[in-house]
file protein.cif (mmCIF, C-alpha atoms)
data_work
loop_
_atom_site.label_atom_id
_atom_site.label_comp_id
_atom_site.auth_asym_id
_atom_site.auth_seq_id
_atom_site.Cartn_x
_atom_site.Cartn_y
_atom_site.Cartn_z
CA MET A 908 147.73 161.94 -159.07
CA SER A 909 151.30 163.17 -158.84
CA LYS A 910 152.45 159.67 -159.66
CA LEU A 911 150.26 159.53 -162.76
CA ILE A 912 151.82 162.61 -164.36
CA SER A 913 155.42 162.26 -163.27
CA ASP A 914 158.28 163.78 -165.23
CA LYS A 915 158.92 160.48 -166.92
CA THR A 916 155.39 160.09 -168.24
CA LYS A 917 155.47 163.68 -169.42
CA ALA A 918 158.63 162.96 -171.38
CA VAL A 919 157.06 159.77 -172.73
CA PHE A 920 154.08 161.78 -173.98
CA LEU A 921 155.87 164.87 -175.31
CA GLY A 922 158.86 163.12 -176.89
CA PRO A 923 156.98 161.61 -179.84
CA LEU A 924 155.30 164.95 -180.57
CA SER A 925 158.61 166.53 -181.53
CA LYS A 926 162.15 165.24 -180.76
CA ASN A 927 161.21 161.59 -181.20
CA ASN A 928 158.39 161.92 -183.73
CA PRO A 929 157.49 158.58 -185.35
CA ILE A 930 157.30 160.07 -188.85
CA THR A 931 159.88 162.85 -188.99
CA VAL A 932 162.57 161.27 -186.78
CA GLN A 933 161.97 157.52 -186.76
CA VAL A 934 160.58 157.61 -190.33
CA LEU A 935 157.89 155.00 -189.57
CA GLY A 936 154.40 154.91 -190.98
CA ILE A 937 155.41 156.75 -194.17
CA CYS A 938 153.28 154.49 -196.38
CA SER A 939 149.99 155.50 -194.79
CA ALA A 940 151.15 159.11 -194.61
CA LEU A 941 151.24 159.06 -198.41
CA ALA A 942 147.96 157.24 -198.88
CA VAL A 943 145.51 159.19 -196.74
CA THR A 944 146.72 162.78 -196.87
CA ALA A 945 145.15 163.99 -200.13
CA LYS A 946 142.22 165.28 -198.05
CA LEU A 947 142.08 166.55 -194.46
CA GLU A 948 139.15 164.48 -193.25
CA PRO A 949 140.52 160.96 -193.85
CA ALA A 950 143.91 162.11 -192.54
CA LEU A 951 142.35 163.27 -189.28
CA VAL A 952 140.25 160.14 -188.81
CA MET A 953 143.21 157.91 -189.66
CA GLY A 954 145.33 159.78 -187.11
CA LEU A 955 142.70 159.31 -184.41
CA SER A 956 142.12 155.62 -185.21
CA VAL A 957 145.85 154.89 -185.06
CA THR A 958 146.12 156.79 -181.76
CA ILE A 959 143.33 154.74 -180.17
CA ILE A 960 144.60 151.42 -181.44
CA VAL A 961 148.26 152.02 -180.62
CA ALA A 962 147.32 153.14 -177.08
CA PHE A 963 145.14 150.14 -176.33
CA SER A 964 147.36 147.52 -177.94
CA ASN A 965 150.24 149.00 -175.95
CA VAL A 966 148.26 148.47 -172.73
CA ILE A 967 147.33 144.89 -173.63
CA ILE A 968 150.86 143.90 -174.60
CA SER A 969 152.25 145.63 -171.52
CA LEU A 970 149.87 143.63 -169.28
CA LEU A 971 150.92 140.41 -170.98
CA ARG A 972 154.61 141.29 -171.28
CA ASN A 973 155.88 138.92 -168.59
CA THR A 974 153.97 135.93 -169.91
CA ILE A 975 154.70 136.25 -173.64
CA PRO A 976 157.13 133.56 -174.86
CA ASN A 977 160.10 135.35 -176.41
CA ARG A 978 160.16 133.32 -179.62
CA ILE A 979 156.61 134.12 -180.67
CA ARG A 980 156.35 137.65 -179.30
CA ILE A 981 156.00 139.30 -182.72
CA ILE A 982 153.14 136.94 -183.58
CA VAL A 983 151.42 137.67 -180.28
CA GLN A 984 151.73 141.42 -180.94
CA LEU A 985 150.35 141.01 -184.43
CA VAL A 986 147.38 138.96 -183.21
CA VAL A 987 146.53 141.58 -180.57
CA VAL A 988 146.70 144.41 -183.13
CA ALA A 989 144.71 142.51 -185.76
CA ALA A 990 142.02 141.53 -183.23
CA LEU A 991 141.69 145.13 -182.01
CA VAL A 992 141.49 146.52 -185.54
CA THR A 993 138.86 143.94 -186.51
CA ILE A 994 136.74 144.71 -183.45
CA VAL A 995 136.97 148.47 -184.06
CA SER A 996 135.96 148.02 -187.69
CA GLU A 997 133.02 145.75 -186.72
CA ILE A 998 131.80 148.28 -184.16
CA LEU A 999 132.08 151.11 -186.68
CA LYS A 1000 130.08 149.06 -189.19
CA ALA A 1001 127.31 148.58 -186.65
CA PHE A 1002 127.12 152.01 -185.05
CA ALA A 1003 128.78 154.46 -187.45
CA TYR A 1004 128.14 152.93 -190.84
CA ASP A 1005 128.81 156.10 -192.86
CA VAL A 1006 132.22 156.56 -191.24
CA SER A 1007 133.12 152.91 -191.80
CA VAL A 1008 132.26 153.18 -195.51
CA GLN A 1009 134.51 156.22 -195.82
CA LEU A 1010 137.35 154.52 -194.02
CA SER A 1011 136.99 151.08 -195.61
CA VAL A 1012 140.59 150.69 -196.76
CA TYR A 1013 142.28 152.75 -194.09
CA ILE A 1014 141.03 150.64 -191.21
CA GLY A 1015 142.73 147.58 -192.67
CA LEU A 1016 145.85 149.65 -193.32
CA ILE A 1017 146.24 150.31 -189.61
CA ILE A 1018 147.36 146.70 -189.04
CA THR A 1019 150.28 147.22 -191.36
CA ASN A 1020 151.29 150.54 -189.78
CA CYS A 1021 154.91 150.17 -188.68
CA ILE A 1022 154.39 152.55 -185.75
CA LEU A 1023 152.19 149.97 -184.01
CA MET A 1024 154.72 147.15 -184.14
CA GLY A 1025 157.51 149.60 -183.38
CA ARG A 1026 155.88 150.84 -180.17
CA LEU A 1027 154.81 147.38 -179.01
CA GLU A 1028 158.26 145.93 -179.52
CA ALA A 1029 160.28 148.91 -178.30
CA PHE A 1030 158.14 150.21 -175.46
CA ALA A 1031 155.23 148.07 -174.31
CA MET A 1032 157.35 144.91 -173.95
CA GLY A 1033 159.45 146.61 -171.27
CA ASN A 1034 157.21 149.12 -169.52
CA LYS A 1035 154.20 149.26 -167.21
CA PRO A 1036 150.64 149.59 -168.64
CA TRP A 1037 150.10 153.25 -167.67
CA GLU A 1038 153.35 154.45 -169.27
CA SER A 1039 152.63 152.30 -172.31
CA PHE A 1040 149.20 153.90 -172.65
CA ILE A 1041 150.75 157.38 -172.52
CA ASP A 1042 153.44 156.32 -174.98
CA GLY A 1043 150.72 155.09 -177.35
CA LEU A 1044 148.82 158.37 -177.09
CA GLY A 1045 152.00 160.39 -177.62
CA ASN A 1046 153.04 158.45 -180.69
CA GLY A 1047 149.51 158.46 -182.07
CA PHE A 1048 149.26 162.23 -181.75
CA GLY A 1049 152.78 162.66 -183.08
CA TYR A 1050 151.72 160.70 -186.15
CA ALA A 1051 148.36 162.48 -186.43
CA TRP A 1052 149.67 166.04 -186.39
CA ILE A 1053 152.14 165.39 -189.20
CA LEU A 1054 149.35 163.81 -191.26
CA VAL A 1055 147.06 166.78 -190.63
CA VAL A 1056 149.75 169.31 -191.60
CA VAL A 1057 150.56 167.45 -194.81
CA ALA A 1058 146.86 167.01 -195.64
CA PHE A 1059 146.20 170.70 -194.95
CA PHE A 1060 148.66 171.80 -197.64
CA ARG A 1061 147.71 169.05 -200.09
CA GLU A 1062 143.99 169.74 -199.90
CA LEU A 1063 144.37 173.54 -199.89
CA PHE A 1064 146.63 173.69 -202.96
CA GLY A 1065 145.44 170.51 -204.66
CA SER A 1066 141.68 170.97 -204.37
CA GLY A 1067 141.32 174.56 -203.13
CA SER A 1068 139.28 173.35 -200.16
CA LEU A 1069 139.62 172.34 -196.51
CA PHE A 1070 137.49 169.54 -195.00
CA GLY A 1071 135.62 169.61 -198.32
CA PHE A 1072 134.63 173.27 -198.01
CA GLN A 1073 135.77 175.55 -200.82
CA ILE A 1074 138.40 177.97 -199.52
CA VAL A 1075 139.86 179.42 -202.71
CA PRO A 1076 137.18 181.83 -203.99
CA GLN A 1077 135.65 181.32 -207.43
CA ALA A 1078 136.91 184.80 -208.41
CA MET A 1079 140.49 183.52 -208.25
CA TYR A 1080 139.67 180.65 -210.63
CA ASP A 1081 138.02 183.15 -212.94
CA ALA A 1082 141.19 185.22 -212.81
CA GLY A 1083 143.20 182.22 -214.05
CA TYR A 1084 144.23 180.42 -210.84
CA VAL A 1085 144.51 176.64 -211.29
CA ASN A 1086 144.59 173.92 -208.61
CA ASN A 1087 147.96 172.19 -208.44
CA GLY A 1088 147.25 168.64 -209.62
CA LEU A 1089 150.68 167.46 -208.44
CA MET A 1090 149.60 168.12 -204.84
CA ILE A 1091 147.02 165.34 -205.04
CA LEU A 1092 149.50 162.75 -206.27
CA PRO A 1093 151.39 160.64 -203.68
CA PRO A 1094 154.93 161.96 -204.46
CA MET A 1095 153.93 165.39 -203.17
CA ALA A 1096 153.25 163.90 -199.73
CA LEU A 1097 156.85 162.66 -199.64
CA ILE A 1098 158.14 166.09 -200.63
CA LEU A 1099 156.00 167.78 -197.96
CA VAL A 1100 157.11 165.29 -195.28
CA ALA A 1101 160.70 165.95 -196.33
CA CYS A 1102 160.12 169.71 -195.95
CA ILE A 1103 158.77 169.17 -192.43
CA ILE A 1104 161.80 167.00 -191.57
CA TRP A 1105 164.07 169.73 -192.96
CA VAL A 1106 162.53 172.48 -190.83
CA HIS A 1107 162.38 170.18 -187.79
CA ARG A 1108 166.08 169.27 -188.02
CA ALA A 1109 167.14 172.83 -188.70
CA ARG A 1110 165.47 173.91 -185.46
CA ASN A 1111 166.70 170.94 -183.38
CA LYS A 1112 170.46 170.79 -183.89
CA GLU A 1113 170.85 167.67 -181.75
CA LEU A 1114 168.94 165.63 -184.34
CA GLN A 1115 171.61 166.25 -186.97
CA GLU A 1116 174.22 163.57 -187.51
CA LYS A 1117 177.84 164.70 -187.34
CA MET B 455 158.07 130.25 -164.77
CA ASN B 456 160.24 129.33 -167.72
CA THR B 457 158.59 131.04 -170.67
CA ASN B 458 161.10 129.65 -173.15
CA LYS B 459 160.00 126.03 -172.92
CA ASN B 460 158.53 124.53 -176.09
CA SER B 461 155.45 123.24 -174.30
CA TYR B 462 154.77 126.66 -172.76
CA THR B 463 155.08 128.38 -176.16
CA LEU B 464 152.72 125.89 -177.77
CA ILE B 465 150.10 126.13 -175.04
CA TYR B 466 150.36 129.92 -174.97
CA ALA B 467 149.82 130.18 -178.72
CA THR B 468 146.88 127.76 -178.66
CA VAL B 469 145.12 129.46 -175.77
CA MET B 470 145.66 132.90 -177.30
CA VAL B 471 144.28 131.87 -180.68
CA VAL B 472 141.21 130.25 -179.11
CA ILE B 473 140.48 133.28 -176.92
CA VAL B 474 140.89 135.73 -179.81
CA ALA B 475 138.78 133.58 -182.14
CA LEU B 476 136.00 133.32 -179.57
CA MET B 477 136.09 137.05 -178.97
CA LEU B 478 135.91 137.91 -182.67
CA ALA B 479 133.13 135.38 -183.26
CA LEU B 480 131.17 136.85 -180.37
CA VAL B 481 131.57 140.44 -181.60
CA SER B 482 130.75 139.48 -185.16
CA SER B 483 127.61 137.48 -184.38
CA SER B 484 126.24 139.93 -181.83
CA LEU B 485 126.59 142.87 -184.24
CA LYS B 486 125.44 141.00 -187.34
CA GLY B 487 121.81 142.11 -187.12
CA ILE B 488 122.58 145.80 -186.80
CA GLN B 489 125.14 145.60 -189.59
CA THR B 490 122.75 143.96 -192.06
CA ALA B 491 120.12 146.58 -191.29
CA ASN B 492 122.71 149.29 -191.93
CA VAL B 493 123.72 147.76 -195.25
CA GLU B 494 120.08 147.56 -196.39
CA LEU B 495 119.34 151.11 -195.32
CA ASP B 496 122.46 152.29 -197.12
CA LYS B 497 121.36 150.51 -200.30
CA LYS B 498 118.00 152.28 -200.11
CA LYS B 499 119.80 155.59 -199.69
CA GLN B 500 121.95 154.85 -202.74
CA ILE B 501 118.91 154.00 -204.88
CA LEU B 502 117.16 157.19 -203.75
CA SER B 503 120.29 159.24 -204.49
CA SER B 504 120.00 158.32 -208.17
CA LEU B 505 116.58 160.01 -208.12
CA ASN B 506 118.19 163.22 -206.78
CA VAL B 507 116.08 162.87 -203.64
CA ASN B 508 117.31 165.03 -200.78
CA LEU B 509 117.98 162.62 -197.92
CA GLU B 510 119.23 165.19 -195.41
CA GLY B 511 117.62 164.47 -192.06
CA GLN B 512 114.97 162.22 -193.59
CA ASP B 513 113.95 158.65 -192.88
CA ALA B 514 115.38 156.87 -195.91
CA ALA B 515 113.29 153.72 -195.41
CA ALA B 516 110.04 155.71 -195.46
CA LEU B 517 111.15 157.70 -198.51
CA TYR B 518 112.07 154.48 -200.27
CA ASP B 519 108.57 153.09 -199.74
CA LYS B 520 107.12 156.37 -201.00
CA TYR B 521 109.14 156.70 -204.22
CA ILE B 522 109.80 153.11 -205.30
CA VAL B 523 106.47 151.80 -206.52
CA LYS B 524 107.62 148.51 -208.06
CA GLU B 525 110.56 146.14 -207.82
CA LEU B 526 110.95 143.78 -210.75
CA VAL B 527 113.18 140.79 -211.37
CA ILE B 528 113.62 140.37 -215.12
CA ASN B 529 115.97 138.51 -217.44
CA ALA B 530 117.90 139.68 -220.49
CA ARG B 531 114.98 138.64 -222.76
CA ALA B 532 112.76 141.16 -220.97
CA GLU B 533 110.62 138.49 -219.29
CA VAL B 534 109.39 139.52 -215.86
CA LEU B 535 110.25 136.77 -213.35
CA SER B 536 108.94 138.32 -210.16
CA GLU B 537 107.09 141.42 -209.08
CA ALA B 538 107.02 140.66 -205.38
CA LYS B 539 108.37 143.49 -203.25
CA GLY B 540 111.75 142.61 -201.79
CA ASP B 541 112.72 139.98 -204.40
CA ALA B 542 114.71 142.40 -206.53
CA PHE B 543 116.12 144.17 -203.49
CA LYS B 544 117.49 140.95 -201.97
CA LEU B 545 118.92 139.65 -205.24
CA ASP B 546 122.71 139.19 -205.15
CA TYR B 547 123.59 141.26 -208.22
CA ILE B 548 127.31 140.42 -208.08
CA LYS B 549 126.56 136.69 -208.18
CA GLU B 550 124.14 137.17 -211.08
CA LEU B 551 126.74 139.11 -213.07
CA ALA B 552 129.09 136.11 -212.88
CA LYS B 553 126.55 133.91 -214.72
CA PRO B 554 126.19 133.78 -218.51
CA ILE B 555 123.92 136.61 -219.65
CA GLY B 556 121.00 134.34 -220.56
CA ASP B 557 120.77 132.91 -217.03
CA ARG B 558 121.02 136.19 -215.15
CA LYS B 559 118.23 137.49 -212.97
CA LEU B 560 118.26 141.28 -213.14
CA PRO B 561 116.81 143.64 -210.54
CA LEU B 562 114.95 146.71 -211.81
CA TYR B 563 113.38 149.39 -209.65
CA ILE B 564 110.51 151.49 -210.89
CA ALA B 565 109.98 154.80 -209.15
CA GLU B 566 107.46 157.56 -209.39
CA VAL B 567 108.68 161.11 -208.92
CA ASP B 568 106.10 163.89 -209.22
CA GLY B 569 103.83 161.64 -211.25
CA ALA B 570 106.48 160.59 -213.79
CA THR B 571 107.83 157.04 -214.01
CA LYS B 572 111.59 156.46 -213.63
CA TYR B 573 113.49 153.22 -214.27
CA ILE B 574 116.44 152.56 -211.96
CA ILE B 575 119.16 150.18 -213.14
CA PRO B 576 121.83 148.94 -210.74
CA LEU B 577 125.44 149.25 -211.94
CA ARG B 578 128.51 147.29 -210.98
CA GLY B 579 132.01 147.57 -212.45
CA ALA B 580 135.71 147.89 -211.77
CA GLY B 581 137.70 151.02 -211.00
CA LEU B 582 141.45 151.27 -210.61
CA TRP B 583 141.87 149.67 -207.16
CA GLY B 584 138.60 147.90 -206.55
CA PRO B 585 134.93 147.67 -207.39
CA ILE B 586 132.80 150.68 -208.29
CA TRP B 587 129.01 150.61 -208.31
CA GLY B 588 125.98 152.80 -208.46
CA TYR B 589 122.53 153.33 -209.92
CA VAL B 590 121.28 155.12 -213.01
CA ALA B 591 117.70 156.40 -213.23
CA LEU B 592 116.15 156.76 -216.70
CA ASN B 593 113.15 158.90 -217.59
CA ASP B 594 109.95 157.29 -218.85
CA ASP B 595 111.20 157.56 -222.46
CA LYS B 596 113.73 154.89 -221.31
CA ASN B 597 116.44 156.84 -223.05
CA THR B 598 117.43 160.04 -221.26
CA VAL B 599 119.13 159.92 -217.88
CA TYR B 600 117.22 161.41 -214.94
CA GLY B 601 119.93 160.97 -212.33
CA THR B 602 122.90 158.87 -211.33
CA PHE B 603 124.66 157.66 -208.23
CA PHE B 604 128.23 156.34 -208.19
CA THR B 605 130.38 155.12 -205.36
CA HIS B 606 133.50 153.04 -204.89
CA ALA B 607 135.38 150.87 -202.43
CA SER B 608 138.93 152.15 -202.65
CA GLU B 609 139.57 154.68 -205.43
CA THR B 610 142.24 157.36 -204.82
CA PRO B 611 140.87 160.30 -202.80
CA GLY B 612 141.01 163.49 -204.86
CA LEU B 613 141.36 161.56 -208.15
CA GLY B 614 139.22 158.51 -208.98
CA ALA B 615 137.15 158.97 -205.83
CA GLU B 616 135.75 162.18 -207.36
CA ILE B 617 133.18 160.05 -209.25
CA THR B 618 131.01 160.33 -206.15
CA GLN B 619 130.91 164.12 -206.40
CA ALA B 620 127.82 165.98 -207.58
CA ASP B 621 129.81 167.80 -210.30
CA PHE B 622 130.58 164.51 -212.01
CA LYS B 623 127.16 162.92 -211.51
CA GLN B 624 125.24 165.97 -212.70
CA GLN B 625 126.92 165.79 -216.12
CA PHE B 626 124.91 162.66 -216.95
CA VAL B 627 121.51 164.28 -216.48
CA GLY B 628 119.70 164.58 -219.83
CA LYS B 629 122.24 162.45 -221.72
CA ARG B 630 120.83 159.71 -223.99
CA ILE B 631 121.75 156.03 -223.97
CA LEU B 632 120.42 155.52 -227.53
CA ASN B 633 121.90 157.18 -230.62
CA ASP B 634 119.97 158.92 -233.40
CA LYS B 635 119.30 155.55 -235.10
CA ASN B 636 117.73 154.24 -231.89
CA GLU B 637 120.63 151.85 -231.27
CA PHE B 638 121.90 151.26 -227.75
CA VAL B 639 125.32 152.94 -227.39
CA SER B 640 125.43 154.00 -223.70
CA ILE B 641 127.23 157.19 -222.66
CA ALA B 642 130.93 157.84 -223.16
CA VAL B 643 133.23 159.29 -220.50
CA MET B 644 135.94 161.17 -222.41
CA LYS B 645 139.03 163.22 -221.55
CA SER B 646 138.06 166.85 -222.00
CA GLY B 647 138.70 167.89 -225.59
CA GLN B 648 138.14 164.43 -227.06
CA MET B 649 134.91 163.67 -228.90
CA ALA B 650 133.05 160.35 -228.91
CA GLU B 651 131.46 159.28 -232.18
CA ASN B 652 127.69 158.90 -232.45
CA GLN B 653 127.00 158.92 -228.73
CA ASP B 654 126.47 161.33 -225.88
CA GLN B 655 129.48 162.00 -223.67
CA VAL B 656 130.54 163.52 -220.38
CA ASP B 657 133.95 164.76 -219.18
CA ALA B 658 136.25 162.34 -217.37
CA ILE B 659 137.99 163.29 -214.12
CA SER B 660 141.49 164.55 -214.81
CA GLY B 661 143.98 162.31 -213.04
CA GLY B 662 141.28 159.68 -212.63
CA THR B 663 141.20 158.32 -216.16
CA ILE B 664 141.07 154.61 -215.31
CA THR B 665 138.23 155.10 -212.84
CA SER B 666 136.39 157.31 -215.33
CA LYS B 667 136.75 154.69 -218.06
CA GLY B 668 135.56 152.12 -215.49
CA VAL B 669 132.36 154.15 -215.13
CA GLU B 670 131.94 154.19 -218.91
CA LYS B 671 132.41 150.42 -219.17
CA MET B 672 130.12 149.80 -216.20
CA LEU B 673 127.32 151.86 -217.82
CA LEU B 674 127.72 150.03 -221.12
CA ASN B 675 127.86 146.53 -219.63
CA CYS B 676 125.09 146.92 -217.09
CA ILE B 677 122.54 148.91 -219.10
CA SER B 678 123.02 146.63 -222.14
CA GLN B 679 121.57 143.71 -220.13
CA TYR B 680 118.33 145.65 -219.93
CA GLU B 681 118.34 146.63 -223.60
CA ALA B 682 115.55 144.20 -224.55
CA TYR B 683 113.34 145.41 -221.71
CA LEU B 684 113.97 149.08 -222.39
CA LYS B 685 113.32 148.76 -226.13
CA ASN B 686 110.48 146.26 -225.85
CA SER B 687 108.03 148.43 -224.05
CA ASN B 688 109.21 151.43 -226.05
CA GLY B 689 106.84 150.08 -228.70
CA GLY B 690 106.23 152.91 -231.13
CA THR B 691 109.75 154.22 -231.47
CA GLU B 692 111.20 150.87 -232.49
CA GLU B 693 111.54 150.17 -236.20
#
call {"tool": "encode", "arguments": {"input": "protein.cif", "output": "structure tokens"}}
result
Amino acid sequence: MSKLISDKTKAVFLGPLSKNNPITVQVLGICSALAVTAKLEPALVMGLSVTIIVAFSNVIISLLRNTIPNRIRIIVQLVVVAALVTIVSEILKAFAYDVSVQLSVYIGLIITNCILMGRLEAFAMGNKPWESFIDGLGNGFGYAWILVVVAFFRELFGSGSLFGFQIVPQAMYDAGYVNNGLMILPPMALILVACIIWVHRARNKELQEK
Amino acid sequence: MNTNKNSYTLIYATVMVVIVALMLALVSSSLKGIQTANVELDKKKQILSSLNVNLEGQDAAALYDKYIVKELVINARAEVLSEAKGDAFKLDYIKELAKPIGDRKLPLYIAEVDGATKYIIPLRGAGLWGPIWGYVALNDDKNTVYGTFFTHASETPGLGAEITQADFKQQFVGKRILNDKNEFVSIAVMKSGQMAENQDQVDAISGGTITSKGVEKMLLNCISQYEAYLKNSNGGTEE
């Protein structure tokens, strides 16, 4: 077991959660971060789906890495990702129909998520399957927690609820409190992501350019 | 092995595509049956939702058989084409809507809730990003709305997607599709503060104007196909 959780794998897993976060540091996957964070629930499910798919496509590409012809490697990566996403969506349709209806657009969006291609190209092509799997999990969670934080603020201030449950009491609305409509619109996600990046860089001096 | 050779690249690509295609075909065909059953069950749930039936923890298929007493296929001239159970349910509404109005076959569901007859009309329209659809149930006067159900494929969460919420759907209950002169006018969806002329109205969703107007247009277009049927058997009230 000691080999499975060596210092290197630990770094591979923890890096993307903070110092090497795909959204706040590498600025990948911003498009879906805008699209699915108006409510907490889709943000959470999107985060989990991306985690699963990035982890498994990392493993597959890592297993194939020595056989993939260099000139068509991007196409091979894309085919693997697209096939995985299609299979996941078919399985959801058969066994979790309600979830698949809710996620209809987001599932397709996963294919276009830059984090996937980024990890396959930068990590899985040059590392062993186990490390690649960990790297996928790390990046998936790194992506997911930013989405959840952004969605938390957008849903709380934009709709006054969390996971669809009313949080802001009716008495406050009666007293004149109004939901912030701007929070629901996509630009607010960018502003919130920027705030997270700001705090993150202020606390980690080594991330700042000279 | 030299992985940069042209022949290797070609063979690799071919083999990969064949394997992936086979895999996807296998998954798709082996899950097809379960998926179709899910889609049908979901359609039954949607129809029942327009009757404000509580589906929580219930067998939707059994409830459907209990509430829906008749399924009709009619045309725009109010002629009944089929009364066989399942004909209306299996009809491809989207395909029918693409035909000229005279040739369309229209599904109509007749339900009985607590002894009263309800007429359920399927709806299909366009939102901002994609299709929206639903069902509207009319009371036995064929004029006032008993209940509605709306859903969508890809409207913006928090904005247009709010058409699925109970707050929005409940507004339609009791609204009339005919005006005081007994003319078909449907129901308007208006920005709050604006008034529609000579027709009942509900409030649009703020920030979801295009989707809200899509609902309005969908109600007008879809219910109007049934106008002849709804007025025909109204008998006495027609001039």
call {"tool": "closest_atom_pairs", "arguments": {"input": "protein.cif", "of": "chain B", "to": "chain A", "cutoff": "8 Å", "atoms": "all atoms listed in the file", "output": "Markdown table"}}
result
| residue | atom | partner | partner_atom | distance |
| --- | --- | --- | --- | --- |
| B:Thr457 | CA | A:Pro976 | CA | 5.1 |
| B:Asn458 | CA | A:Pro976 | CA | 5.8 |
| B:Tyr462 | CA | A:Pro976 | CA | 7.6 |
| B:Thr463 | CA | A:Pro976 | CA | 5.7 |
| B:Tyr466 | CA | A:Pro976 | CA | 7.7 |
| B:Ala467 | CA | A:Val983 | CA | 7.8 |
| B:Val474 | CA | A:Ala990 | CA | 6.8 |
| B:Leu478 | CA | A:Ile994 | CA | 6.9 |
| B:Val481 | CA | A:Ile994 | CA | 7.0 |
| B:Ser482 | CA | A:Glu997 | CA | 6.8 |
| B:Leu485 | CA | A:Ala1001 | CA | 6.2 |
| B:Lys486 | CA | A:Ala1001 | CA | 7.8 |
| B:Ile488 | CA | A:Ala1001 | CA | 5.5 |
| B:Gln489 | CA | A:Ala1001 | CA | 4.7 |
| B:Asn492 | CA | A:Tyr1004 | CA | 6.6 |
| B:Ala607 | CA | A:Ser1011 | CA | 7.0 |
| B:Ser608 | CA | A:Val1012 | CA | 6.3 |
| B:Pro611 | CA | A:Ala945 | CA | 6.3 |
| B:Gly612 | CA | A:Ile1091 | CA | 6.3 |
| B:Leu613 | CA | A:Ile1091 | CA | 7.5 |
| B:Gly661 | CA | A:Gly1088 | CA | 7.9 |
call {"tool": "resolve_selection", "arguments": {"input": "protein.cif", "expression": "the PyMOL selection byres ((chain A and resi 968) around 9)", "output": "ChimeraX atom specification"}}
result
/A:963-967,969-972,975,983-984,987,1027,1031-1032,1036,1039
call {"tool": "write_last_selection", "arguments": {"input": "protein.cif", "atoms": "C-alpha atoms", "output": "compact mmCIF listing (two decimals), in the coordinates of the input"}}
result
# COMPACT_ATOMS: atom_id res chain seq x y z
CA PHE A 963 145.14 150.14 -176.33
CA SER A 964 147.36 147.52 -177.94
CA ASN A 965 150.24 149.00 -175.95
CA VAL A 966 148.26 148.47 -172.73
CA ILE A 967 147.33 144.89 -173.63
CA SER A 969 152.25 145.63 -171.52
CA LEU A 970 149.87 143.63 -169.28
CA LEU A 971 150.92 140.41 -170.98
CA ARG A 972 154.61 141.29 -171.28
CA ILE A 975 154.70 136.25 -173.64
CA VAL A 983 151.42 137.67 -180.28
CA GLN A 984 151.73 141.42 -180.94
CA VAL A 987 146.53 141.58 -180.57
CA LEU A 1027 154.81 147.38 -179.01
CA ALA A 1031 155.23 148.07 -174.31
CA MET A 1032 157.35 144.91 -173.95
CA PRO A 1036 150.64 149.59 -168.64
CA SER A 1039 152.63 152.30 -172.31
call {"tool": "resolve_selection", "arguments": {"input": "protein.cif", "expression": "the PyMOL selection byres ((chain B and resi 637-653) around 10)", "output": "NGL selection string"}}
result
:B and (597 or 599 or 626 or 629-636 or 654-663 or 666-678 or 681 or 684-685 or 692)
call {"tool": "write_last_selection", "arguments": {"input": "protein.cif", "atoms": "C-alpha atoms", "output": "short mmCIF file (atom, residue, chain, number, x, y, z; two decimals), in the coordinates of the input"}}
result
data_model
loop_
_atom_site.label_atom_id
_atom_site.label_comp_id
_atom_site.auth_asym_id
_atom_site.auth_seq_id
_atom_site.Cartn_x
_atom_site.Cartn_y
_atom_site.Cartn_z
CA ASN B 597 116.44 156.84 -223.05
CA VAL B 599 119.13 159.92 -217.88
CA PHE B 626 124.91 162.66 -216.95
CA LYS B 629 122.24 162.45 -221.72
CA ARG B 630 120.83 159.71 -223.99
CA ILE B 631 121.75 156.03 -223.97
CA LEU B 632 120.42 155.52 -227.53
CA ASN B 633 121.90 157.18 -230.62
CA ASP B 634 119.97 158.92 -233.40
CA LYS B 635 119.30 155.55 -235.10
CA ASN B 636 117.73 154.24 -231.89
CA ASP B 654 126.47 161.33 -225.88
CA GLN B 655 129.48 162.00 -223.67
CA VAL B 656 130.54 163.52 -220.38
CA ASP B 657 133.95 164.76 -219.18
CA ALA B 658 136.25 162.34 -217.37
CA ILE B 659 137.99 163.29 -214.12
CA SER B 660 141.49 164.55 -214.81
CA GLY B 661 143.98 162.31 -213.04
CA GLY B 662 141.28 159.68 -212.63
CA THR B 663 141.20 158.32 -216.16
CA SER B 666 136.39 157.31 -215.33
CA LYS B 667 136.75 154.69 -218.06
CA GLY B 668 135.56 152.12 -215.49
CA VAL B 669 132.36 154.15 -215.13
CA GLU B 670 131.94 154.19 -218.91
CA LYS B 671 132.41 150.42 -219.17
CA MET B 672 130.12 149.80 -216.20
CA LEU B 673 127.32 151.86 -217.82
CA LEU B 674 127.72 150.03 -221.12
CA ASN B 675 127.86 146.53 -219.63
CA CYS B 676 125.09 146.92 -217.09
CA ILE B 677 122.54 148.91 -219.10
CA SER B 678 123.02 146.63 -222.14
CA GLU B 681 118.34 146.63 -223.60
CA LEU B 684 113.97 149.08 -222.39
CA LYS B 685 113.32 148.76 -226.13
CA GLU B 692 111.20 150.87 -232.49
#
call {"tool": "atom_distance", "arguments": {"input": "protein.cif", "atom1": "CA of Val523 (chain B)", "atom2": "CA of Ala565 (chain B)"}}
result
5.3 Å
call {"tool": "residues_near_point", "arguments": {"input": "protein.cif", "point": "(110.4, 152.3, -221.0)", "cutoff": "9 Å", "atoms": "all atoms listed in the file", "output": "PyMOL selection string"}}
result
chain B and resi 571-573+592-597+683-689
call {"tool": "residues_around", "arguments": {"input": "protein.cif", "residues": "Cys1021 (chain A)", "least_positions_apart": "2", "cutoff": "12 Å", "atoms": "all atoms listed in the file", "output": "list in words"}}
result
Pro929, Ile930, Gln933, Val934, Leu935, Gly936, Ile937, Cys938, Ser939, Ala940, Val957, Val961, Leu985, Val988, Leu1016, Ile1017, Ile1018, Thr1019, Leu1023, Met1024, Gly1025, Arg1026, Leu1027, Glu1028, Ala1029, Asn1046, Gly1047 and Tyr1050 of chain A
